[in-house]
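Visitor: Please find one structure pasted underneath; my questions will follow.
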Amino acid sequence: MDCVGRIIDAVQDINDNWGITIVPGAEITHAPAEIIPKLAKKAKELGAEVIVVHGETLVEPVIEGTNWAAVNCPDVDILAHPGLITYEEAEIAKENNITLEISSRRGHSLGNGHVGKVALEVGANLIIDTDTHSPSDLINYETAYSYGLGAGLPEKEVKKALTTNPERILKNKGLL
C-alpha cells in the first residue's frame, strides 16, 4: 500500500474510533507556481479531500506567483497565509470559491490584517486556521476568535470564518 493509502486508512481508523472527524488533505508548499494545478489534481486523485496552497507569506521565500496560481486553480480549496494578496487575486479567489486564511501561526499571522481587509472589501471567504506544525500550535475557539478580531474582522465575519466557511467547504465535498 502506498503512503497516501496508509494515511487514508489511519484517518478512517481515527474517525471510526475516536469520536472526531478527520478529513484527509494536502498542502502544496514551496512548489513552482506553474505546477500547482498538476499537484492539486494529483493530490485529489490520491484521496485528499481538501487542497491547501501555502501562500506568499511575509516570512518565507515563497515563489512569486504562487497566490495567483492557487486562486486560478479549480482544485484548490484554501489559500493559506497569502501575505500581501492583491485585490485582483482576492476577487479571483471569490469567483472560484477559494477561501483565504487568517493564520494563527507565528510569522504567517503578520499579514492577517491585510488579508482580512482585502477579503472583506471584495467579499472573499475567510477561514481562521492554525497551520499547525506541532501540538503546541493548536488553539481553542476563543483564541481563534481573538485572531479574527485582531485581523480587523467584525464579529459577524469572525463567526463565519470559524463555522460557516469551514462547514461550506466540507458540505461542498459531501463531507457534512
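In the C-alpha cells, each chain is lettered A, B, ... as it comes, each chain's residues begin at 1, and ligands are numbered from 1 in order of appearance.
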Considering only C-alpha atoms, return as a list in words whatever protein or nucleic-acid residues lie within 12 Å of segment 1-6 of chain A, sequence-local ones (same chain, fewer than 2 positions apart) excluded.
Guide: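 Once the adjacent positions are removed, what remains is Ile8, Asp9, Ala10, Val11, Gln12, Asp13, Pro24, Gly25, Ala26, Lys42, Ala43, Lys44, Glu45, Leu46, Gly47, Ala48 and Glu49 of chain A.
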Visitor: With C-alpha atoms retained, export the selected residues as a compact mmCIF listing (two decimals), in the first residue's frame.
Guide:
# COMPACT_ATOMS: atom_id res chain seq x y z
CA ILE A 8 -6.43 7.34 4.37
CA ASP A 9 -6.63 4.08 6.38
CA ALA A 10 -5.34 5.86 9.51
CA VAL A 11 -7.89 8.65 9.03
CA GLN A 12 -10.67 6.09 8.77
CA ASP A 13 -9.48 4.32 11.93
CA PRO A 24 -7.55 13.94 4.65
CA GLY A 25 -5.97 16.85 2.86
CA ALA A 26 -2.80 18.08 1.24
CA LYS A 42 -2.80 14.59 -8.31
CA ALA A 43 -3.45 15.13 -4.59
CA LYS A 44 -7.19 14.82 -5.20
CA GLU A 45 -6.68 11.68 -7.28
CA LEU A 46 -4.72 10.19 -4.37
CA GLY A 47 -7.57 10.86 -1.92
CA ALA A 48 -7.01 14.33 -0.50
CA GLU A 49 -10.40 15.88 0.20
Visitor: Quick one: residues within 10 Å of Ser103 of chain A, only C-alpha atoms, excluding same-chain residues fewer than 5 positions away - as a list in words?
Guide: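 Once the nearby chain positions are removed, what remains is Ala80, His81, Pro82, His108, Ser109, Leu110, Gly111, Asn112, Val115, Ile127, Ile128, Asp129, Thr130, Asp131, Thr132, Ala144, Tyr147, Gly148 and Ala151 of chain A.
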Visitor: Quick one: DSSP strand (DSSP E or B) residues in chain A, as number ranges by chain?
Guide: A: 25-28, 50-54, 78-80, 99-103, 126-129
Visitor: Using only C-alpha atoms, please write the residues we just selected to a file, as a compact mmCIF listing (two decimals), in the first residue's frame.
Guide:
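As written to disk, result_27.txt reads:
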# COMPACT_ATOMS: atom_id res chain seq x y z
CA GLY A 25 -5.97 16.85 2.86
CA ALA A 26 -2.80 18.08 1.24
CA GLU A 27 -0.89 21.33 1.44
CA ILE A 28 1.15 22.27 -1.60
CA VAL A 50 -9.17 19.42 0.94
CA ILE A 51 -6.37 21.07 -1.01
CA VAL A 52 -4.46 23.95 0.56
CA VAL A 53 -1.73 26.00 -1.09
CA HIS A 54 0.97 27.63 1.04
CA ILE A 78 -7.83 27.22 0.66
CA LEU A 79 -5.02 29.68 0.04
CA ALA A 80 -3.15 29.68 3.34
CA THR A 99 -11.15 30.51 0.85
CA LEU A 100 -8.38 32.76 2.19
CA GLU A 101 -6.74 32.00 5.51
CA ILE A 102 -6.26 34.13 8.59
CA SER A 103 -3.41 32.26 10.31
CA LEU A 126 -12.11 33.64 5.05
CA ILE A 127 -11.15 30.84 7.40
CA ILE A 128 -9.21 31.11 10.65
CA ASP A 129 -6.67 28.31 10.85
Visitor: Taking the DSSP secondary structure from the backbone, can you list the residues of segment 1-69 of chain A that are helix (DSSP H, G or I), as an NGL selection string?
Guide: :A and (3-17 or 33-45 or 66-69)
Visitor: Restricting the calculation to only C-alpha atoms, which member of A:Ala69, A:Gly19, A:Ile85, A:Lys159 is positioned closest to Lys38 of chain A?
Guide: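 Smallest distance to Lys38 of chain A is found for A:Ala69.
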Visitor: Pick out the closest residue to Leu149 of chain A from this set: A:Asp16, A:Arg168, A:Gly116, A:Val76. Count only C-alpha atoms.
Guide: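 Ranked by minimum distance to Leu149 of chain A, first place goes to A:Gly116.
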Visitor: Which residues are near Val122 of chain A? Cut-off 10 Å, only C-alpha atoms, ignore same chain within fewer than 5 positions. Put them as a list of chain:residue names.
Guide: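 Near neighbours after the sequence-gap exclusion: A:Tyr87, A:Glu88, A:Glu89, A:Ala90, A:Glu91, A:Ile92, A:Ala93, A:Lys94, A:Lys117.
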Visitor: Of the candidates A:Lys41, A:Leu84, A:Ala31, A:Pro74, which shows the shortest atom-to-atom distance to Thr57 of chain A, using only C-alpha atoms?
Guide: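 For Thr57 of chain A, the nearest of the candidates is A:Leu84.
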Visitor: So which one's closest to Asn165 of chain A, A:Ser104, A:Trp68, A:Asn97, A:Cys73? Using only C-alpha atoms, please.
Guide: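 Going through A:Ser104, A:Trp68, A:Asn97, A:Cys73 one by one, the smallest distance to Asn165 of chain A is for A:Asn97.
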Visitor: Could you tell me how far atom CA of Asn67 of chain A lies from atom CA of Thr86 of chain A, in Å and to one decimal?
Guide: 8.9 Å
Visitor: Grab the atom CA of Thr21 of chain A to atom CA of Ile139 of chain A distance for me, in Å with one decimal place.
Guide: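 Computing the Euclidean distance for atom CA of Thr21 of chain A and atom CA of Ile139 of chain A yields 17.2 Å.
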